>>> print(open('my_file11.cif').read())   # mmCIF, C-alpha atoms and all ligand atoms
data_coords
#
loop_
_atom_site.group_PDB
_atom_site.id
_atom_site.type_symbol
_atom_site.label_atom_id
_atom_site.label_comp_id
_atom_site.auth_asym_id
_atom_site.auth_seq_id
_atom_site.Cartn_x
_atom_site.Cartn_y
_atom_site.Cartn_z
ATOM 1 C CA MET A 1 92.162 99.280 109.331
ATOM 2 C CA CYS A 2 92.038 102.618 107.625
ATOM 3 C CA ASP A 3 90.443 104.672 110.384
ATOM 4 C CA THR A 4 93.376 103.715 112.581
ATOM 5 C CA CYS A 5 96.204 104.225 110.133
ATOM 6 C CA GLY A 6 94.569 107.197 108.416
ATOM 7 C CA CYS A 7 95.423 106.098 104.903
ATOM 8 C CA ASN A 8 91.998 107.132 103.636
ATOM 9 C CA GLU A 9 92.710 110.736 104.264
ATOM 10 C CA ILE A 10 96.312 110.740 103.123
ATOM 11 C CA GLY A 11 96.791 108.076 100.488
ATOM 12 C CA GLY A 12 93.422 106.605 99.562
ATOM 13 C CA SER A 13 92.108 109.502 97.565
ATOM 14 C CA GLY A 14 95.530 110.454 96.286
ATOM 15 C CA SER A 15 96.299 107.277 94.374
ATOM 16 C CA SER A 16 98.111 107.882 91.162
ATOM 17 C CA VAL A 17 97.623 105.897 88.027
ATOM 18 C CA GLY A 18 100.124 105.719 85.228
ATOM 19 C CA ARG A 19 102.700 103.654 83.504
ATOM 20 C CA PRO A 20 105.575 103.720 84.119
ATOM 21 C CA LEU A 21 105.279 105.647 87.364
ATOM 22 C CA HIS A 22 108.188 106.749 89.499
ATOM 23 C CA PHE A 23 107.886 108.229 92.945
ATOM 24 C CA ILE A 24 110.544 110.436 94.485
ATOM 25 C CA PRO A 25 109.588 111.525 98.026
ATOM 26 C CA THR A 26 110.486 115.066 99.031
ATOM 27 C CA PRO A 27 112.097 115.605 102.460
ATOM 28 C CA GLU A 28 109.091 117.671 103.554
ATOM 29 C CA LYS A 29 106.700 114.846 102.691
ATOM 30 C CA ASP A 30 108.875 112.315 104.554
ATOM 31 C CA GLU A 31 108.743 114.455 107.649
ATOM 32 C CA GLN A 32 104.953 114.732 107.474
ATOM 33 C CA GLU A 33 104.601 111.002 106.987
ATOM 34 C CA HIS A 34 106.863 110.282 109.935
ATOM 35 C CA ARG A 35 104.725 112.465 112.183
ATOM 36 C CA HIS A 36 101.595 110.792 110.870
ATOM 37 C CA HIS A 37 102.881 107.301 111.642
ATOM 38 C CA TYR A 38 104.185 108.276 115.043
ATOM 39 C CA GLN A 39 100.847 109.750 116.053
ATOM 40 C CA HIS A 40 98.791 106.921 114.685
ATOM 41 C CA CYS A 41 100.814 104.006 115.920
ATOM 42 C CA HIS A 42 100.977 104.962 119.590
ATOM 43 C CA PRO A 43 98.973 102.278 121.454
ATOM 44 C CA HIS A 44 97.498 104.528 124.161
ATOM 45 C CA GLU A 45 96.090 107.217 121.944
ATOM 46 C CA GLN A 46 92.339 107.442 121.591
ATOM 47 C CA LEU A 47 91.919 108.172 117.928
ATOM 48 C CA LYS A 48 88.477 106.787 117.210
ATOM 49 C CA ASP A 49 86.470 109.874 117.980
ATOM 50 C CA GLN A 50 83.096 110.283 116.403
ATOM 51 C CA ARG A 51 84.295 112.460 113.564
ATOM 52 C CA GLU A 52 86.792 109.891 112.387
ATOM 53 C CA VAL A 53 84.204 107.116 112.487
ATOM 54 C CA MET A 54 81.830 109.237 110.384
ATOM 55 C CA VAL A 55 84.559 110.033 107.862
ATOM 56 C CA THR A 56 85.388 106.346 107.557
ATOM 57 C CA GLU A 57 81.728 105.396 107.098
ATOM 58 C CA ASN A 58 81.352 107.993 104.370
ATOM 59 C CA VAL A 59 84.511 106.837 102.632
ATOM 60 C CA LEU A 60 83.308 103.226 102.663
ATOM 61 C CA LYS A 61 79.832 104.208 101.425
ATOM 62 C CA HIS A 62 81.308 106.218 98.574
ATOM 63 C CA ASN A 63 83.699 103.381 97.785
ATOM 64 C CA ASN A 64 80.825 100.898 97.608
ATOM 65 C CA LEU A 65 78.900 103.097 95.168
ATOM 66 C CA VAL A 66 81.897 103.353 92.857
ATOM 67 C CA ALA A 67 82.501 99.600 93.233
ATOM 68 C CA GLN A 68 78.943 98.986 91.994
ATOM 69 C CA GLU A 69 79.709 101.068 88.907
ATOM 70 C CA ASN A 70 82.887 99.058 88.319
ATOM 71 C CA LYS A 71 80.906 95.829 88.644
ATOM 72 C CA ARG A 72 78.353 97.112 86.128
ATOM 73 C CA PHE A 73 81.169 97.993 83.718
ATOM 74 C CA PHE A 74 82.623 94.471 84.022
ATOM 75 C CA ASN A 75 79.242 92.744 83.720
ATOM 76 C CA ASP A 76 78.192 94.773 80.655
ATOM 77 C CA ARG A 77 81.304 93.521 78.868
ATOM 78 C CA ASN A 78 81.392 89.945 80.214
ATOM 79 C CA ILE A 79 84.700 90.676 81.888
ATOM 80 C CA LEU A 80 85.703 88.547 84.865
ATOM 81 C CA ALA A 81 87.435 90.683 87.502
ATOM 82 C CA LEU A 82 89.618 89.198 90.235
ATOM 83 C CA ASN A 83 90.949 90.989 93.295
ATOM 84 C CA ILE A 84 94.184 89.277 94.358
ATOM 85 C CA MET A 85 95.109 89.976 97.950
ATOM 86 C CA GLY A 86 97.602 88.692 100.508
ATOM 87 C CA SER A 87 100.591 89.574 102.642
ATOM 88 C CA PRO A 88 103.597 91.301 101.110
ATOM 89 C CA GLY A 89 105.683 88.648 99.383
ATOM 90 C CA SER A 90 103.047 85.893 99.554
ATOM 91 C CA GLY A 91 103.529 85.342 95.817
ATOM 92 C CA LYS A 92 100.736 87.402 94.231
ATOM 93 C CA THR A 93 102.731 88.609 91.228
ATOM 94 C CA THR A 94 104.343 85.207 90.649
ATOM 95 C CA PHE A 95 100.875 83.619 90.734
ATOM 96 C CA ILE A 96 99.467 86.239 88.333
ATOM 97 C CA ILE A 97 102.323 85.686 85.874
ATOM 98 C CA GLN A 98 101.737 81.908 85.929
ATOM 99 C CA THR A 99 98.019 82.530 85.379
ATOM 100 C CA ILE A 100 98.684 84.815 82.415
ATOM 101 C CA GLU A 101 101.111 82.335 80.859
ATOM 102 C CA ALA A 102 98.527 79.561 81.122
ATOM 103 C CA LEU A 103 95.729 81.597 79.514
ATOM 104 C CA ILE A 104 97.180 84.194 77.209
ATOM 105 C CA ASP A 105 97.028 82.147 74.001
ATOM 106 C CA LYS A 106 93.239 82.049 74.154
ATOM 107 C CA GLN A 107 92.293 84.819 76.548
ATOM 108 C CA LYS A 108 92.936 88.575 76.716
ATOM 109 C CA VAL A 109 94.273 89.433 80.174
ATOM 110 C CA TYR A 110 94.635 92.873 81.761
ATOM 111 C CA VAL A 111 96.391 93.588 85.047
ATOM 112 C CA ILE A 112 96.085 96.456 87.511
ATOM 113 C CA GLU A 113 99.114 96.507 89.794
ATOM 114 C CA GLY A 114 98.613 98.119 93.193
ATOM 115 C CA ASP A 115 101.712 99.069 95.155
ATOM 116 C CA GLN A 116 102.497 101.863 97.520
ATOM 117 C CA PHE A 117 105.475 102.984 95.483
ATOM 118 C CA GLY A 118 107.344 102.084 92.318
ATOM 119 C CA SER A 119 106.509 99.960 89.323
ATOM 120 C CA LEU A 120 108.584 96.798 89.844
ATOM 121 C CA ASP A 121 105.631 94.399 89.585
ATOM 122 C CA THR A 122 104.337 96.219 86.508
ATOM 123 C CA GLU A 123 107.740 95.705 84.884
ATOM 124 C CA ARG A 124 107.461 91.964 85.631
ATOM 125 C CA ILE A 125 103.952 91.702 84.174
ATOM 126 C CA ASP A 126 105.003 93.790 81.192
ATOM 127 C CA LYS A 127 107.266 90.925 80.077
ATOM 128 C CA THR A 128 104.138 88.843 79.446
ATOM 129 C CA ASP A 129 101.565 89.554 76.739
ATOM 130 C CA ALA A 130 99.077 91.006 79.221
ATOM 131 C CA LYS A 131 98.377 94.721 79.254
ATOM 132 C CA VAL A 132 99.281 96.218 82.627
ATOM 133 C CA ILE A 133 98.896 99.488 84.476
ATOM 134 C CA GLN A 134 100.410 100.610 87.785
ATOM 135 C CA VAL A 135 98.466 102.286 90.582
ATOM 136 C CA ASN A 136 100.605 103.799 93.335
ATOM 137 C CA THR A 137 98.749 104.392 96.584
ATOM 138 C CA GLY A 138 101.445 106.411 98.390
ATOM 139 C CA ASN A 139 100.659 106.063 102.084
ATOM 140 C CA GLY A 140 97.466 104.156 101.300
ATOM 141 C CA CYS A 141 97.665 100.480 102.215
ATOM 142 C CA HIS A 142 94.939 99.228 99.839
ATOM 143 C CA LEU A 143 93.352 99.930 96.475
ATOM 144 C CA ASP A 144 89.967 101.614 96.384
ATOM 145 C CA ALA A 145 87.174 101.458 93.831
ATOM 146 C CA MET A 146 87.905 104.903 92.426
ATOM 147 C CA SER A 147 91.542 104.158 91.628
ATOM 148 C CA VAL A 148 90.447 100.898 89.985
ATOM 149 C CA MET A 149 87.835 102.761 87.923
ATOM 150 C CA THR A 150 90.474 105.202 86.664
ATOM 151 C CA ALA A 151 92.870 102.371 85.860
ATOM 152 C CA VAL A 152 90.205 100.321 84.082
ATOM 153 C CA LYS A 153 89.247 103.294 81.891
ATOM 154 C CA GLU A 154 92.859 103.644 80.839
ATOM 155 C CA LEU A 155 93.302 99.901 80.240
ATOM 156 C CA ASN A 156 90.089 99.752 78.230
ATOM 157 C CA PRO A 157 89.709 95.943 78.498
ATOM 158 C CA ALA A 158 88.076 94.053 75.638
ATOM 159 C CA ASN A 159 84.774 92.234 76.001
ATOM 160 C CA ASN A 160 85.034 88.672 77.365
ATOM 161 C CA SER A 161 88.444 89.342 78.872
ATOM 162 C CA LEU A 162 89.976 88.794 82.294
ATOM 163 C CA VAL A 163 90.974 91.695 84.554
ATOM 164 C CA ILE A 164 93.318 90.806 87.416
ATOM 165 C CA ILE A 165 93.820 93.371 90.152
ATOM 166 C CA GLU A 166 96.844 92.876 92.415
ATOM 167 C CA ASN A 167 96.044 94.692 95.628
ATOM 168 C CA VAL A 168 98.669 96.228 97.895
ATOM 169 C CA GLY A 169 100.367 93.537 100.014
ATOM 170 C CA ASN A 170 98.417 93.673 103.272
ATOM 171 C CA LEU A 171 96.128 91.236 105.102
ATOM 172 C CA VAL A 172 94.007 93.916 106.770
ATOM 173 C CA CYS A 173 92.757 97.006 104.900
ATOM 174 C CA PRO A 174 92.160 95.566 101.389
ATOM 175 C CA ALA A 175 89.442 93.330 102.868
ATOM 176 C CA LEU A 176 87.322 96.400 103.635
ATOM 177 C CA PHE A 177 87.284 97.872 100.154
ATOM 178 C CA ASP A 178 85.069 96.398 97.478
ATOM 179 C CA LEU A 179 86.607 97.145 94.077
ATOM 180 C CA GLY A 180 83.689 95.788 92.048
ATOM 181 C CA GLU A 181 85.448 92.463 91.535
ATOM 182 C CA HIS A 182 83.619 89.176 90.994
ATOM 183 C CA GLN A 183 85.964 87.137 93.137
ATOM 184 C CA ARG A 184 88.412 87.794 95.898
ATOM 185 C CA VAL A 185 91.431 85.547 95.860
ATOM 186 C CA VAL A 186 93.704 85.432 98.917
ATOM 187 C CA ILE A 187 97.232 84.200 98.432
ATOM 188 C CA PHE A 188 98.372 82.654 101.696
ATOM 189 C CA SER A 189 101.887 81.245 101.645
ATOM 190 C CA VAL A 190 103.209 78.497 103.881
ATOM 191 C CA THR A 191 105.991 80.746 105.149
ATOM 192 C CA GLU A 192 103.406 82.960 106.892
ATOM 193 C CA GLY A 193 102.280 80.320 109.426
ATOM 194 C CA ASP A 194 99.111 78.218 109.575
ATOM 195 C CA ASP A 195 97.479 80.527 112.164
ATOM 196 C CA LYS A 196 96.950 83.511 109.844
ATOM 197 C CA PRO A 197 93.313 82.763 108.847
ATOM 198 C CA ILE A 198 92.287 83.068 112.497
ATOM 199 C CA LYS A 199 94.325 86.199 113.186
ATOM 200 C CA TYR A 200 93.272 88.032 110.015
ATOM 201 C CA ALA A 201 89.787 86.579 109.786
ATOM 202 C CA PRO A 202 88.042 89.347 107.731
ATOM 203 C CA MET A 203 90.416 88.863 104.808
ATOM 204 C CA PHE A 204 89.691 85.129 104.659
ATOM 205 C CA HIS A 205 86.013 85.528 105.488
ATOM 206 C CA GLU A 206 85.411 87.834 102.515
ATOM 207 C CA ALA A 207 87.350 85.734 100.014
ATOM 208 C CA SER A 208 85.837 83.237 97.618
ATOM 209 C CA ILE A 209 89.076 81.383 97.017
ATOM 210 C CA CYS A 210 92.264 80.870 98.976
ATOM 211 C CA ILE A 211 95.498 79.816 97.342
ATOM 212 C CA ILE A 212 97.901 78.134 99.740
ATOM 213 C CA ASN A 213 101.120 79.047 97.976
ATOM 214 C CA LYS A 214 104.776 77.998 98.221
ATOM 215 C CA THR A 215 103.907 74.359 98.882
ATOM 216 C CA ASP A 216 107.394 73.500 97.592
ATOM 217 C CA LEU A 217 108.629 74.821 100.960
ATOM 218 C CA LEU A 218 106.334 72.654 103.114
ATOM 219 C CA GLN A 219 109.201 70.413 104.214
ATOM 220 C CA LEU A 220 111.263 73.394 105.301
ATOM 221 C CA VAL A 221 108.858 75.428 107.434
ATOM 222 C CA PRO A 222 106.714 74.587 110.485
ATOM 223 C CA PHE A 223 103.410 74.897 108.612
ATOM 224 C CA ASP A 224 100.778 72.243 109.217
ATOM 225 C CA HIS A 225 98.728 71.961 106.039
ATOM 226 C CA LEU A 226 95.742 70.337 107.760
ATOM 227 C CA THR A 227 95.711 72.921 110.565
ATOM 228 C CA ALA A 228 95.790 75.686 107.959
ATOM 229 C CA ILE A 229 92.821 74.172 106.101
ATOM 230 C CA ASN A 230 90.874 73.735 109.363
ATOM 231 C CA ASN A 231 91.592 77.342 110.308
ATOM 232 C CA LEU A 232 90.413 78.512 106.889
ATOM 233 C CA ARG A 233 87.224 76.468 107.227
ATOM 234 C CA LYS A 234 86.543 77.890 110.708
ATOM 235 C CA VAL A 235 86.578 81.391 109.256
ATOM 236 C CA ASN A 236 84.833 80.659 105.968
ATOM 237 C CA HIS A 237 83.350 77.251 105.269
ATOM 238 C CA HIS A 238 82.413 78.224 101.678
ATOM 239 C CA LEU A 239 86.007 78.999 100.801
ATOM 240 C CA ARG A 240 87.501 77.146 97.871
ATOM 241 C CA ILE A 241 91.056 76.137 98.767
ATOM 242 C CA ILE A 242 93.755 75.274 96.256
ATOM 243 C CA SER A 243 97.315 74.421 97.285
ATOM 244 C CA LEU A 244 100.074 75.095 94.795
ATOM 245 C CA SER A 245 103.537 76.370 94.113
ATOM 246 C CA ALA A 246 103.372 79.423 91.880
ATOM 247 C CA LEU A 247 107.128 79.334 91.500
ATOM 248 C CA GLN A 248 107.291 75.755 90.265
ATOM 249 C CA GLY A 249 103.857 75.680 88.644
ATOM 250 C CA SER A 250 102.694 72.549 90.473
ATOM 251 C CA GLY A 251 98.995 72.676 91.343
ATOM 252 C CA MET A 252 98.268 75.476 88.864
ATOM 253 C CA THR A 253 96.109 73.171 86.709
ATOM 254 C CA GLU A 254 93.344 73.056 89.313
ATOM 255 C CA TRP A 255 93.354 76.859 89.577
ATOM 256 C CA ILE A 256 93.274 77.364 85.799
ATOM 257 C CA ALA A 257 90.396 74.882 85.440
ATOM 258 C CA TYR A 258 88.479 76.743 88.167
ATOM 259 C CA LEU A 259 89.184 80.078 86.489
ATOM 260 C CA LYS A 260 88.052 78.873 83.060
ATOM 261 C CA LYS A 261 84.841 77.576 84.617
ATOM 262 C CA SER A 262 84.246 80.960 86.286
ATOM 263 C CA MET A 263 84.774 82.758 82.970
ATOM 264 C CA ASN A 264 82.454 80.383 81.143
ATOM 265 C CA SER A 265 79.673 80.795 83.675
ATOM 266 C CA LEU A 266 79.971 84.599 83.464
ATOM 267 C CA GLN A 267 79.831 84.552 79.693
ATOM 268 C CA SER A 268 77.013 82.026 79.321
HETATM 269 N N1 LIG A 301 109.582 78.911 97.087
HETATM 270 C C1 LIG A 301 108.626 79.646 96.522
HETATM 271 N N2 LIG A 301 108.821 80.967 96.370
HETATM 272 C C2 LIG A 301 107.821 81.678 95.798
HETATM 273 C C3 LIG A 301 106.616 81.108 95.342
HETATM 274 N N3 LIG A 301 105.835 82.085 94.840
HETATM 275 C C4 LIG A 301 106.534 83.209 94.959
HETATM 276 N N4 LIG A 301 107.737 82.977 95.520
HETATM 277 C C5 LIG A 301 108.809 83.935 95.820
HETATM 278 O O1 LIG A 301 108.355 84.798 96.840
HETATM 279 C C6 LIG A 301 108.885 86.104 96.631
HETATM 280 C C7 LIG A 301 107.757 87.112 96.543
HETATM 281 O O2 LIG A 301 106.977 86.815 95.384
HETATM 282 P P1 LIG A 301 106.059 87.897 94.699
HETATM 283 O O3 LIG A 301 105.321 87.202 93.616
HETATM 284 O O4 LIG A 301 106.837 89.097 94.340
HETATM 285 O O5 LIG A 301 105.103 88.234 95.905
HETATM 286 P P2 LIG A 301 103.986 89.399 96.006
HETATM 287 O O6 LIG A 301 102.940 88.873 96.888
HETATM 288 O O7 LIG A 301 103.596 89.833 94.659
HETATM 289 O O8 LIG A 301 104.815 90.546 96.736
HETATM 290 P P3 LIG A 301 104.342 92.080 96.935
HETATM 291 O O9 LIG A 301 103.753 92.550 95.640
HETATM 292 O O10 LIG A 301 105.630 92.764 97.254
HETATM 293 O O11 LIG A 301 103.377 92.084 98.066
HETATM 294 C C8 LIG A 301 109.720 86.033 95.353
HETATM 295 O O12 LIG A 301 111.059 85.811 95.701
HETATM 296 C C9 LIG A 301 109.133 84.813 94.638
HETATM 297 O O13 LIG A 301 110.058 84.170 93.783
HETATM 298 C C10 LIG A 301 106.451 79.692 95.501
HETATM 299 O O14 LIG A 301 105.449 79.070 95.123
HETATM 300 N N5 LIG A 301 107.482 79.024 96.102
HETATM 301 MG MG MG A 302 103.528 91.729 93.847
#
>>> encode(input="my_file11.cif", output="structure tokens")
Amino acid sequence: MCDTCGCNEIGGSGSSVGRPLHFIPTPEKDEQEHRHHYQHCHPHEQLKDQREVMVTENVLKHNNLVAQENKRFFNDRNILALNIMGSPGSGKTTFIIQTIEALIDKQKVYVIEGDQFGSLDTERIDKTDAKVIQVNTGNGCHLDAMSVMTAVKELNPANNSLVIIENVGNLVCPALFDLGEHQRVVIFSVTEGDDKPIKYAPMFHEASICIINKTDLLQLVPFDHLTAINNLRKVNHHLRIISLSALQGSGMTEWIAYLKKSMNSLQS
């Protein structure tokens, strides 16, 4: 959470938006970051003093206000906005590319790529016909509403389009920050273990849909599909669950049908 890792103060407000964006850390900055992590990761330190709690509350309040503006922007233009979250490597970008490929003939798609550093995912999305923009969060471990607002202004999405936001790979902090999205989609891959919904409950509790990804690997990893679904239901019984393999494309039809229905209901 951000009041423990301190990313609000260091990275959250300092997100940079641009395309392409390259980050070259200076030695001085590396040193500062190292000190920051050392101080904040020590288990016996008492960091949650009152001032920090107040700062965090204010940051979240401000974030929520900006998120409301983002939501208004999307609603005024009949744009469906998705916030795609999940662990690093769970398959978010692969899933987004499959989604774009399935829709792009009939649907304008825009992507906001959130990563701490670099523009590798943006380069992957750029090979599709979707318009993409990179947001680098630096030390920040999540996107916030303000960085999304800046990115959206630059993307300038058309009416009736789809905006997909790929959050920074992380099962913790992104759950706290409303971006103004209509739906939160968690990508949960079978290689992560079927216990993750219980251990990272807020992420799954706040989501409207969970994609169980990498089902092509089910025979190879100790992941019990039924246990995973039960764990998801314990945390969020409204959650829509779709199992698929983004790499192979199997199971994508159910997701695309769900997405089309969501877009139709927004635009009707
Ligand atoms: N076997 C298998 N591999 C997958 C699947 N989806 C993604 N991968 C692989 O998993 C790795 C990570 O995929 P990405 O799409 O980059 O994951 P990500 O969540 O966007 O990663 P970050 O942006 O770094 O957090 C890549 O090697 C993908 O090819 C899947 O359905 N099955
Ligand atoms: Mg990615």
>>> residues_near_ligand(input="my_file11.cif", ligand="ligand LIG 301 (chain A)", cutoff="7 Å", atoms="all atoms listed in the file", output="count of residues only")
24
>>> closest_residue(input="my_file11.cif", among="A:Leu82, A:Leu65, A:Val55, A:Ile165", to="ligand MG 302 (chain A)", atoms="only C-alpha atoms and all ligand atoms")
A:Ile165
>>> residues_around(input="my_file11.cif", residues="Ser262 in chain A", least_positions_apart="4", cutoff="8 Å", atoms="only C-alpha atoms", output="PyMOL selection string")
chain A and resi 80+258+266
>>> residues_around(input="my_file11.cif", residues="range 145-147 of chain A", least_positions_apart="5", cutoff="7 Å", atoms="all atoms listed in the file", output="ChimeraX atom specification")
/A:15,63,66-67,178-180
>>> write_last_selection(input="my_file11.cif", atoms="C-alpha atoms", output="PDB file, keeping the file's coordinate frame")
ATOM      1  CA  SER A  15      96.299 107.277  94.374  1.00  0.00           C
ATOM      2  CA  ASN A  63      83.699 103.381  97.785  1.00  0.00           C
ATOM      3  CA  VAL A  66      81.897 103.353  92.857  1.00  0.00           C
ATOM      4  CA  ALA A  67      82.501  99.600  93.233  1.00  0.00           C
ATOM      5  CA  ASP A 178      85.069  96.398  97.478  1.00  0.00           C
ATOM      6  CA  LEU A 179      86.607  97.145  94.077  1.00  0.00           C
ATOM      7  CA  GLY A 180      83.689  95.788  92.048  1.00  0.00           C
TER       8      GLY A 180
END
>>> resolve_selection(input="my_file11.cif", expression="the PyMOL selection byres (((chain A and resi 132) around 9) and not hetatm)", output="MDAnalysis selection string")
chainID A and resid 19 109:113 122:123 125:126 130:131 133:134 155
>>> atom_distance(input="my_file11.cif", atom1="CA of Leu239 in chain A", atom2="CA of Ile209 in chain A")
5.4 Å
>>> closest_residue(input="my_file11.cif", among="A:Ala158, A:Ile198, A:Ile84, A:Val235", to="ligand MG 302 (chain A)", atoms="only C-alpha atoms and all ligand atoms")
A:Ile84
>>> atom_distance(input="my_file11.cif", atom1="CA of Thr191 in chain A", atom2="CA of Ile212 in chain A")
10.1 Å
>>> closest_residue(input="my_file11.cif", among="A:Ser265, A:Ser119, A:Thr128, A:Asn139", to="Glu101 in chain A", atoms="all atoms listed in the file")
A:Thr128
>>> resolve_selection(input="my_file11.cif", expression="the PyMOL selection byres (((chain A and resi 108) around 9) and not hetatm)", output="PyMOL selection string")
chain A and resi 100+103-107+109-110+129-131+157-163
>>> closest_residue(input="my_file11.cif", among="A:His142, A:Lys260, A:Arg124, A:Arg233", to="ligand MG 302 (chain A)", atoms="only C-alpha atoms and all ligand atoms")
A:Arg124
>>> resolve_selection(input="my_file11.cif", expression="the PyMOL selection byres (((chain A and resi 183) around 7) and not hetatm)", output="NGL selection string")
:A and (81-83 or 181-182 or 184-185 or 208)
